[in-house]
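Enquirer: As input, take input.txt (compact mmCIF, C-alpha atoms):
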```txt
# COMPACT_ATOMS: atom_id res chain seq x y z
CA MET A 1 -105.22 207.96 2.13
CA GLU A 2 -103.08 210.19 4.35
CA GLN A 3 -103.22 211.24 7.97
CA PRO A 4 -104.73 214.73 8.41
CA GLY A 5 -102.16 217.34 9.35
CA THR A 6 -99.04 215.24 8.86
CA GLY A 7 -99.55 213.15 5.73
CA ASP A 8 -97.30 210.44 4.39
CA PHE A 9 -93.91 210.13 6.08
CA MET A 10 -92.28 210.32 2.66
CA ARG A 11 -93.27 213.99 2.48
CA THR A 12 -90.60 214.72 5.12
CA ILE A 13 -87.67 212.65 3.80
CA PRO A 14 -84.62 214.66 2.61
CA PRO A 15 -83.44 215.97 0.26
CA LEU A 16 -85.80 218.90 0.80
CA GLU A 17 -86.31 222.02 -1.26
CA ASP A 18 -88.25 224.81 0.42
CA GLY A 19 -89.51 222.21 2.86
CA VAL A 20 -90.74 219.90 0.07
CA SER A 21 -89.26 216.41 -0.27
CA LEU A 22 -87.79 215.66 -3.68
CA TRP A 23 -88.39 211.98 -2.88
CA TRP A 24 -92.10 212.75 -2.51
CA ALA A 25 -92.05 214.78 -5.73
CA VAL A 26 -91.07 211.58 -7.55
CA GLU A 27 -93.07 208.93 -5.67
CA GLY A 28 -96.18 211.06 -5.19
CA ARG A 29 -96.53 212.01 -8.84
CA GLY A 30 -99.74 211.01 -10.57
CA LYS A 31 -101.50 210.33 -7.27
CA LYS A 32 -104.37 212.05 -5.51
CA SER A 33 -104.30 212.88 -1.82
CA VAL A 34 -107.30 212.30 0.44
CA THR A 35 -106.88 212.76 4.19
CA LEU A 36 -108.76 210.52 6.62
CA ASP A 37 -108.03 209.59 10.23
CA LEU A 38 -108.83 205.90 10.37
CA SER A 39 -108.28 205.75 14.12
CA LYS A 40 -111.50 207.75 14.56
CA GLU A 41 -114.85 205.99 14.34
CA ARG A 42 -116.17 208.51 11.84
CA GLY A 43 -113.08 207.99 9.67
CA GLN A 44 -113.72 204.26 9.68
CA GLU A 45 -117.33 204.83 8.66
CA ILE A 46 -116.23 206.99 5.74
CA LEU A 47 -113.73 204.37 4.54
CA ARG A 48 -116.43 201.70 4.63
CA GLU A 49 -118.51 203.95 2.40
CA LEU A 50 -115.59 204.63 0.06
CA VAL A 51 -114.75 200.96 -0.50
CA LYS A 52 -118.14 200.53 -2.12
CA HIS A 53 -116.63 202.47 -5.04
CA ALA A 54 -113.17 200.84 -5.00
CA ASP A 55 -111.53 198.04 -6.95
CA VAL A 56 -108.40 197.74 -4.80
CA LEU A 57 -107.47 198.71 -1.26
CA LEU A 58 -103.75 198.69 -0.43
CA GLU A 59 -102.59 198.98 3.17
CA ASN A 60 -99.17 198.77 4.83
CA PHE A 61 -100.02 199.24 8.49
CA GLN A 62 -98.59 197.10 11.27
CA PRO A 63 -100.39 193.71 11.06
CA GLY A 64 -103.57 193.74 13.12
CA THR A 65 -104.17 197.47 12.74
CA LEU A 66 -107.07 197.15 10.29
CA GLU A 67 -108.70 194.56 12.54
CA ARG A 68 -108.36 196.89 15.53
CA TRP A 69 -110.08 199.61 13.51
CA HIS A 70 -112.93 197.25 12.52
CA LEU A 71 -111.70 197.37 8.92
CA ALA A 72 -110.58 193.77 8.46
CA PRO A 73 -110.47 192.55 4.84
CA GLU A 74 -113.41 190.21 5.39
CA THR A 75 -115.42 193.15 6.76
CA LEU A 76 -114.59 195.30 3.76
CA ARG A 77 -115.34 192.51 1.28
CA GLY A 78 -118.65 192.03 3.06
CA ILE A 79 -119.41 195.57 1.92
CA ASN A 80 -117.91 195.15 -1.54
CA PRO A 81 -117.45 191.47 -2.54
CA ARG A 82 -115.40 192.49 -5.61
CA LEU A 83 -112.80 194.35 -3.54
CA ILE A 84 -109.14 193.32 -3.79
CA VAL A 85 -107.38 193.94 -0.46
CA SER A 86 -103.59 194.05 -0.65
CA ARG A 87 -101.64 193.92 2.60
CA VAL A 88 -97.93 194.76 2.77
CA SER A 89 -95.72 194.42 5.84
CA VAL A 90 -92.10 193.64 6.64
CA TYR A 91 -92.59 190.17 8.12
CA GLY A 92 -96.10 189.17 6.97
CA GLN A 93 -99.54 188.90 8.52
CA ASP A 94 -98.68 185.76 10.54
CA GLY A 95 -95.67 183.98 12.02
CA PRO A 96 -93.67 184.72 15.19
CA TYR A 97 -92.22 187.99 13.79
CA ARG A 98 -95.62 189.33 12.74
CA ASP A 99 -95.77 192.09 15.36
CA ARG A 100 -92.18 193.27 15.05
CA PRO A 101 -91.65 196.80 13.75
CA GLY A 102 -89.51 197.01 10.64
CA LEU A 103 -88.41 198.92 7.56
CA ASP A 104 -86.74 198.21 4.22
CA ARG A 105 -83.38 197.45 5.86
CA ASN A 106 -84.95 194.72 7.99
CA GLY A 107 -86.46 193.18 4.86
CA ILE A 108 -83.11 192.88 3.10
CA ALA A 109 -81.55 191.52 6.31
CA LEU A 110 -84.01 188.64 6.85
CA GLY A 111 -84.33 188.11 3.10
CA GLY A 112 -80.61 187.32 2.83
CA LEU A 113 -79.49 190.13 0.52
CA LEU A 114 -77.63 192.11 3.17
CA HIS A 115 -75.45 189.14 4.10
CA VAL A 116 -74.10 188.69 0.57
CA THR A 117 -73.56 192.38 -0.19
CA GLY A 118 -70.00 193.65 0.28
CA TYR A 119 -66.50 192.20 0.24
CA PRO A 120 -65.16 189.01 1.85
CA GLY A 121 -63.92 189.58 5.38
CA ALA A 122 -65.65 192.95 5.62
CA PRO A 123 -68.99 193.87 7.25
CA PRO A 124 -72.19 193.62 5.18
CA VAL A 125 -72.94 196.72 3.11
CA ARG A 126 -76.43 197.89 2.27
CA PRO A 127 -77.30 198.31 -1.44
CA GLY A 128 -77.05 201.94 -2.51
CA VAL A 129 -80.81 202.38 -2.80
CA ILE A 130 -84.00 201.08 -1.20
CA VAL A 131 -84.57 197.54 -2.49
CA ALA A 132 -87.21 195.70 -0.46
CA ASP A 133 -89.82 198.46 -0.71
CA TYR A 134 -89.58 198.87 -4.48
CA LEU A 135 -89.27 195.14 -5.10
CA THR A 136 -92.33 194.39 -2.98
CA ALA A 137 -94.27 197.07 -4.84
CA LEU A 138 -93.51 195.32 -8.13
CA PHE A 139 -94.53 191.90 -6.80
CA ASN A 140 -97.64 193.55 -5.37
CA THR A 141 -98.53 194.93 -8.79
CA ILE A 142 -98.31 191.44 -10.25
CA GLY A 143 -100.50 190.04 -7.47
CA VAL A 144 -103.14 192.74 -7.74
CA LEU A 145 -103.32 192.45 -11.53
CA ALA A 146 -103.66 188.66 -11.24
CA ALA A 147 -106.47 189.09 -8.69
CA LEU A 148 -108.25 191.59 -10.93
CA TYR A 149 -107.93 189.23 -13.90
CA GLU A 150 -109.32 186.33 -11.87
CA ARG A 151 -112.18 188.53 -10.66
CA GLU A 152 -113.35 188.93 -14.24
CA ARG A 153 -114.16 185.20 -14.22
CA SER A 154 -115.32 184.65 -10.65
CA GLY A 155 -116.82 188.06 -9.88
CA GLU A 156 -115.19 187.94 -6.44
CA GLY A 157 -112.36 189.88 -4.87
CA GLN A 158 -109.63 188.33 -2.76
CA GLY A 159 -106.62 189.16 -0.61
CA VAL A 160 -103.08 189.80 -1.83
CA GLU A 161 -100.43 189.57 0.89
CA LEU A 162 -96.75 190.44 0.75
CA ALA A 163 -93.86 190.53 3.19
CA LEU A 164 -90.82 192.63 2.35
CA TYR A 165 -88.38 189.91 3.39
CA GLU A 166 -90.09 187.34 1.13
CA SER A 167 -89.78 189.63 -1.89
CA VAL A 168 -86.04 189.86 -1.24
CA LEU A 169 -85.73 186.14 -0.55
CA ARG A 170 -87.40 185.41 -3.91
CA ILE A 171 -84.58 187.10 -5.86
CA MET A 172 -81.81 185.27 -4.02
CA GLU A 173 -81.18 183.03 -7.05
CA TRP A 174 -79.75 179.60 -6.15
CA THR A 175 -79.02 180.43 -2.50
CA VAL A 176 -81.71 178.25 -0.86
CA ALA A 177 -81.33 175.30 -3.24
CA ALA A 178 -77.54 175.18 -2.83
CA TYR A 179 -77.87 175.20 0.95
CA ASP A 180 -80.56 172.52 0.84
CA ARG A 181 -78.72 170.14 -1.49
CA GLN A 182 -75.05 170.91 -0.80
CA GLY A 183 -74.92 172.72 2.53
CA VAL A 184 -73.43 175.78 0.82
CA VAL A 185 -73.79 179.03 2.77
CA ARG A 186 -73.45 181.85 0.28
CA GLU A 187 -71.03 184.58 1.35
CA ARG A 188 -69.91 188.01 0.19
CA THR A 189 -67.82 188.11 -2.98
CA GLY A 190 -67.61 191.83 -3.72
CA ASN A 191 -68.05 192.63 -7.39
CA ARG A 192 -67.00 189.16 -8.45
CA LEU A 193 -68.86 185.85 -8.53
CA ALA A 194 -67.49 182.55 -7.32
CA ASN A 195 -68.97 180.73 -10.32
CA SER A 196 -68.18 183.24 -13.08
CA ALA A 197 -65.07 185.01 -14.41
CA PRO A 198 -63.94 187.38 -15.79
CA LEU A 199 -66.46 189.69 -14.18
CA ASP A 200 -65.72 192.87 -12.22
CA ASN A 201 -65.85 196.64 -12.14
CA TYR A 202 -62.44 197.51 -13.55
CA ALA A 203 -60.58 200.78 -12.95
CA THR A 204 -59.61 202.74 -16.07
CA SER A 205 -56.70 205.07 -16.78
CA ASP A 206 -58.94 208.15 -16.48
CA GLY A 207 -60.21 207.33 -12.98
CA GLN A 208 -63.49 205.72 -13.97
CA PHE A 209 -64.82 202.16 -13.74
CA VAL A 210 -66.22 199.87 -16.41
CA CYS A 211 -68.24 196.74 -15.77
CA ILE A 212 -67.23 193.87 -18.04
CA ALA A 213 -69.01 190.52 -17.94
CA ALA A 214 -67.45 187.98 -20.30
CA ALA A 215 -67.38 184.60 -18.59
CA GLY A 216 -69.30 182.47 -21.08
CA ALA A 217 -67.94 180.23 -23.80
CA VAL A 218 -68.94 182.72 -26.51
CA LEU A 219 -68.04 185.94 -24.73
CA PHE A 220 -64.63 185.05 -23.33
CA PRO A 221 -62.99 184.54 -26.75
CA ARG A 222 -64.44 187.86 -27.87
CA LEU A 223 -62.87 189.60 -24.88
CA CYS A 224 -59.53 187.93 -25.54
CA GLU A 225 -59.63 189.21 -29.11
CA ALA A 226 -60.60 192.70 -27.92
CA MET A 227 -57.64 192.73 -25.54
CA GLY A 228 -55.27 191.29 -28.16
CA ARG A 229 -54.71 188.29 -25.89
CA LEU A 230 -55.71 185.27 -27.95
CA ASP A 231 -52.97 183.37 -26.10
CA LEU A 232 -55.30 183.18 -23.11
CA LEU A 233 -57.49 180.75 -25.04
CA GLU A 234 -54.63 178.23 -24.95
CA ASP A 235 -54.17 178.54 -21.20
CA GLU A 236 -55.63 175.52 -19.34
CA ARG A 237 -56.56 177.76 -16.40
CA PHE A 238 -59.03 179.60 -18.64
CA SER A 239 -60.15 176.81 -20.95
CA SER A 240 -63.74 176.55 -19.62
CA LEU A 241 -66.23 178.43 -17.49
CA GLY A 242 -65.44 176.18 -14.54
CA ALA A 243 -61.71 176.63 -15.00
CA ARG A 244 -62.03 180.39 -15.24
CA ALA A 245 -64.18 180.45 -12.11
CA ALA A 246 -61.58 178.37 -10.27
CA HIS A 247 -58.88 180.81 -11.38
CA GLY A 248 -61.02 183.91 -11.08
CA ASP A 249 -58.37 186.06 -9.44
CA GLU A 250 -55.85 185.35 -12.18
CA ILE A 251 -58.15 186.11 -15.13
CA ASN A 252 -59.71 189.13 -13.47
CA ASP A 253 -56.22 190.50 -12.80
CA VAL A 254 -55.39 190.13 -16.50
CA VAL A 255 -58.48 192.10 -17.50
CA ALA A 256 -57.83 194.68 -14.77
CA GLU A 257 -54.32 195.30 -16.06
CA TRP A 258 -55.63 195.80 -19.61
CA CYS A 259 -58.30 198.25 -18.44
CA SER A 260 -55.88 200.25 -16.34
CA ALA A 261 -53.98 201.32 -19.45
CA LEU A 262 -57.06 202.59 -21.34
CA THR A 263 -59.73 205.23 -20.83
CA ALA A 264 -63.32 204.23 -20.17
CA GLN A 265 -64.30 205.44 -23.63
CA GLU A 266 -61.54 203.41 -25.29
CA ILE A 267 -62.61 200.27 -23.42
CA GLU A 268 -66.27 200.77 -24.30
CA THR A 269 -65.44 201.31 -27.95
CA VAL A 270 -63.29 198.21 -28.40
CA CYS A 271 -65.62 195.98 -26.34
CA VAL A 272 -68.69 197.06 -28.30
CA GLU A 273 -66.80 196.44 -31.55
CA HIS A 274 -66.17 192.86 -30.39
CA GLN A 275 -69.68 192.40 -28.91
CA VAL A 276 -68.44 192.11 -25.34
CA PRO A 277 -70.95 193.24 -22.64
CA VAL A 278 -69.57 196.46 -21.15
CA SER A 279 -71.01 199.44 -19.30
CA ARG A 280 -69.38 202.46 -17.81
CA VAL A 281 -70.29 202.91 -14.14
CA SER A 282 -72.24 206.14 -14.50
CA ARG A 283 -72.94 208.94 -12.03
CA ILE A 284 -76.34 210.61 -12.16
CA ASP A 285 -74.98 213.69 -13.97
CA GLU A 286 -73.61 211.37 -16.66
CA ILE A 287 -76.89 209.44 -16.84
CA VAL A 288 -78.97 212.59 -17.36
CA ALA A 289 -76.60 213.72 -20.14
CA ASP A 290 -76.23 210.28 -21.74
CA PRO A 291 -77.32 210.32 -25.42
CA HIS A 292 -79.03 206.93 -25.16
CA VAL A 293 -80.99 207.94 -22.06
CA GLN A 294 -81.98 211.18 -23.78
CA ALA A 295 -82.95 209.46 -27.03
CA ARG A 296 -85.31 207.06 -25.22
CA GLY A 297 -86.80 209.75 -23.02
CA SER A 298 -85.79 207.90 -19.85
CA ILE A 299 -85.76 211.20 -17.95
CA VAL A 300 -88.90 213.33 -18.01
CA GLU A 301 -89.87 216.70 -16.59
CA VAL A 302 -92.89 216.75 -14.28
CA ASP A 303 -94.62 219.98 -13.29
CA ASP A 304 -94.85 219.82 -9.50
CA ALA A 305 -97.48 221.99 -7.81
CA GLU A 306 -95.02 223.25 -5.21
CA LEU A 307 -91.62 222.98 -6.88
CA GLY A 308 -92.35 223.67 -10.52
CA PRO A 309 -90.65 221.54 -13.22
CA VAL A 310 -88.73 218.59 -11.72
CA LYS A 311 -86.67 216.16 -13.79
CA GLN A 312 -87.18 212.55 -12.75
CA GLN A 313 -87.34 208.99 -14.06
CA ALA A 314 -89.87 208.21 -16.77
CA PRO A 315 -92.55 205.62 -15.94
CA VAL A 316 -91.92 201.98 -16.79
CA PRO A 317 -92.85 199.69 -18.45
CA ARG A 318 -93.53 201.13 -21.91
CA LEU A 319 -96.85 200.35 -23.56
CA ASP A 320 -96.99 200.98 -27.29
CA ARG A 321 -100.74 201.46 -27.76
CA THR A 322 -101.59 203.18 -24.49
CA PRO A 323 -98.30 204.73 -23.33
CA LEU A 324 -98.05 205.62 -19.66
CA ARG A 325 -98.42 209.30 -18.85
CA ILE A 326 -97.74 211.41 -15.79
CA ASP A 327 -100.83 213.59 -15.65
CA ARG A 328 -99.90 215.50 -12.51
CA GLY A 329 -97.11 216.07 -10.04
CA ALA A 330 -97.22 215.00 -6.40
CA PRO A 331 -100.38 216.27 -4.67
CA ARG A 332 -100.53 218.69 -1.79
CA LEU A 333 -101.71 217.08 1.43
CA GLY A 334 -105.46 216.51 1.25
CA GLU A 335 -105.71 218.21 -2.14
CA HIS A 336 -108.39 215.79 -3.37
CA THR A 337 -110.34 215.18 -0.17
CA ASP A 338 -113.26 217.39 -1.16
CA GLU A 339 -113.32 215.86 -4.66
CA ALA A 340 -113.57 212.32 -3.26
CA LEU A 341 -116.14 213.05 -0.58
CA THR A 342 -118.42 215.18 -2.75
CA GLY A 343 -118.01 213.08 -5.90
CA LEU A 344 -118.32 209.60 -4.35
CA LEU A 345 -120.24 210.13 -1.13
CA ARG A 346 -122.27 213.20 -2.13
CA MET A 347 -121.23 215.09 0.99
CA THR A 348 -122.02 218.79 1.25
CA PRO A 349 -119.35 221.47 1.86
CA GLU A 350 -120.83 221.96 5.31
CA GLU A 351 -120.43 218.28 6.18
CA ILE A 352 -116.81 218.29 4.99
CA ALA A 353 -116.11 221.46 6.99
CA GLN A 354 -117.40 219.72 10.11
CA LEU A 355 -115.19 216.71 9.44
CA ARG A 356 -112.20 219.04 9.23
CA ALA A 357 -113.17 220.72 12.47
CA ASP A 358 -113.37 217.28 14.11
CA GLY A 359 -109.94 216.28 12.72
CA VAL A 360 -111.38 213.40 10.72
CA VAL A 361 -110.11 214.71 7.36
```
Rewrite the structure from the file as structure tokens, please.
Expert:
Amino acid sequence: MEQPGTGDFMRTIPPLEDGVSLWWAVEGRGKKSVTLDLSKERGQEILRELVKHADVLLENFQPGTLERWHLAPETLRGINPRLIVSRVSVYGQDGPYRDRPGLDRNGIALGGLLHVTGYPGAPPVRPGVIVADYLTALFNTIGVLAALYERERSGEGQGVELALYESVLRIMEWTVAAYDRQGVVRERTGNRLANSAPLDNYATSDGQFVCIAAAGAVLFPRLCEAMGRLDLLEDERFSSLGARAAHGDEINDVVAEWCSALTAQEIETVCVEHQVPVSRVSRIDEIVADPHVQARGSIVEVDDAELGPVKQQAPVPRLDRTPLRIDRGAPRLGEHTDEALTGLLRMTPEEIAQLRADGVV
């Protein structure tokens, strides 16, 4: 459901091509666009009619907005008892921060991720892409599917509620437990980990970086053999995971020196031969051209109504019996309004024309 005239904010986010957002071309694919002004009484009436035909309603307005529009979840489930209502916000539907405005960055800040991202002694650095929004969408999918599954037994819908910061907080590993039991406040460690070594993004002789993770009892000897440094296995500083973590700078420096004398391809080849986890740090042009990515079809071409063919990420996960398909590109604003109103509510063209004249759709 989009606002008439303006539509989803994502439609305006750069990069743009001929005024069309490439972000929207990716995130709008496969969807239908129906415009409806829910701040108008007539728009609210239409939504109440539409939910009779719906399984799930997802909203991400400021908490309290649906209630102000007389569209509270309990109202909607009074119309359709099987309806699943999913509510997404930055801080949640209750609590002292409930009414604060916020975006993805605020979610990673309160969730703790921003504080541990970057290098020691330097300011926090945001992750290179949006995290809280996408992560919350995935948790939301799990919640909605669980609610739909439960509905098959009970026959009743229910609410699913998510806060962006809580999605981020959930992936913060041992951070809360270590603070609770040991008073440990987790800090920034750059590309390294305080409890694991060798692990880093190492510079190569041809100006690239490779990520090597070989801290475990099985992997470290393999790396030593790959580097031709079996003598490291006799060094007390590197004799166990704990010892290597305590001497992380020393062992990481050894691996860094080895990598600096080889190309990324040479390092990948010898590490793979010795079953050491390694990945070249790839730019998007390298990803698109990568033979593995191409072989798996990880990049697909979607025919966008306004842009034409656009290469973008393939859908995930993969289902073997009913594989996911992208049936259409991102919709034009309001492209499916008539289809929804005539097909579900049996409105006439004249009625829809009047709604447009009134700014409702």
Enquirer: List as a list in words the protein and nucleic acid residues near A:Pro349, meaning an atom at most 8 Å away when only C-alpha atoms are counted, but skip any in the same chain fewer than 4 places from it.
Expert: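 Contacts, with the query itself left out: Asp338, Thr342 and Ala353 of chain A.
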Enquirer: Please measure the separation of atom CA of A:Gly159 and atom CA of A:Gly343, giving the value in Å to one decimal.
Expert: 27.0 Å
Enquirer: Kindly give the distance, in Å, that separates atom CA of A:Thr189 and atom CA of A:Asp104, rounded to a single decimal.
Expert: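 Straight-line distance from atom CA of A:Thr189 to atom CA of A:Asp104 works out to 22.6 Å.
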Enquirer: Got a sec: who's within 8 Å of A:Val185, counting only C-alpha atoms, leaving out chain neighbours fewer than 3 positions off, as a PDB file with C-alpha atoms, keeping the file's coordinate frame?
Expert:
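Produced file part-v8.pdb, reproduced below:
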```pdb
ATOM      1  CA  THR A 175     -79.020 180.430  -2.500  1.00  0.00           C
ATOM      2  CA  ALA A 178     -77.540 175.180  -2.830  1.00  0.00           C
ATOM      3  CA  TYR A 179     -77.870 175.200   0.950  1.00  0.00           C
TER       4      TYR A 179
END
```
Enquirer: What separation in Å, quoted to one decimal, exists between atom CA of A:Gly64 and atom CA of A:Ser154?
Expert: 28.0 Å
Enquirer: Counting all atoms listed in the file, select every polymer residue within 10 Å of (-63.5, 188.5, 4.3) as defined in the file's coordinates, and provide the selection as a ChimeraX atom specification.
Expert: /A:118-123,187-190
Enquirer: My list of candidates is A:Gly334, A:Gly111, A:Gly30, A:Gly7. Which is closest to A:Asp304 when distances are computed with all atoms listed in the file?
Expert: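 Among the listed residues, the smallest separation from A:Asp304 belongs to A:Gly30.
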Enquirer: Looking at A:Arg328, A:Val361, A:Gly28, A:Arg296, which one is nearest to A:Leu341, with distances taken over all atoms listed in the file?
Expert: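 The shortest atom-to-atom distance to A:Leu341 comes from A:Val361.
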Enquirer: Which is closest to A:Leu241 among A:Glu41, A:Ala261, A:Arg222, A:Ala214, if we use only C-alpha atoms?
Expert: A:Ala214
Enquirer: Calculate, to one decimal in Å, the centre and edge lengths of the box along x, y and z of the file that holds all listed atoms of stretch 37-40 of chain A with 4 Å of margin on each side, and present them as lines of an AutoDock Vina configuration file.
Expert:
```
center_x = -109.8
center_y = 207.7
center_z = 12.4
size_x = 11.5
size_y = 11.8
size_z = 12.3
```
Enquirer: Nearest to A:Asp249 among A:Val85, A:Leu199, A:Ala295, A:Val300, with distances taken over all atoms listed in the file: which residue is it?
Expert: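 Among the listed residues, the smallest separation from A:Asp249 belongs to A:Leu199.
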Enquirer: Using only C-alpha atoms, which residues sit within 8 Å of A:Ser205 once same-chain residues fewer than 2 positions away are excluded, as a PyMOL selection string?
Expert: chain A and resi 203+207-208+259-264
Enquirer: Could you pull the residues within 8 Å of A:Val310, counting all atoms listed in the file, minus those fewer than 3 positions along the same chain, as number ranges by chain?
Expert: A: 25, 301-304, 307
Enquirer: At most 12 Å from (-106.5, 183.6, -1.2), file frame, all atoms listed in the file: which residues, as JSON, numbers by chain?
Expert: {"A": [73, 74, 84, 85, 86, 143, 144, 146, 147, 150, 156, 157, 158, 159, 160, 161]}
Enquirer: Produce a file of the selected residues containing C-alpha atoms, as a compact mmCIF listing (two decimals), in the frame of the given file.
Expert:
```txt
# COMPACT_ATOMS: atom_id res chain seq x y z
CA PRO A 73 -110.47 192.55 4.84
CA GLU A 74 -113.41 190.21 5.39
CA ILE A 84 -109.14 193.32 -3.79
CA VAL A 85 -107.38 193.94 -0.46
CA SER A 86 -103.59 194.05 -0.65
CA GLY A 143 -100.50 190.04 -7.47
CA VAL A 144 -103.14 192.74 -7.74
CA ALA A 146 -103.66 188.66 -11.24
CA ALA A 147 -106.47 189.09 -8.69
CA GLU A 150 -109.32 186.33 -11.87
CA GLU A 156 -115.19 187.94 -6.44
CA GLY A 157 -112.36 189.88 -4.87
CA GLN A 158 -109.63 188.33 -2.76
CA GLY A 159 -106.62 189.16 -0.61
CA VAL A 160 -103.08 189.80 -1.83
CA GLU A 161 -100.43 189.57 0.89
```
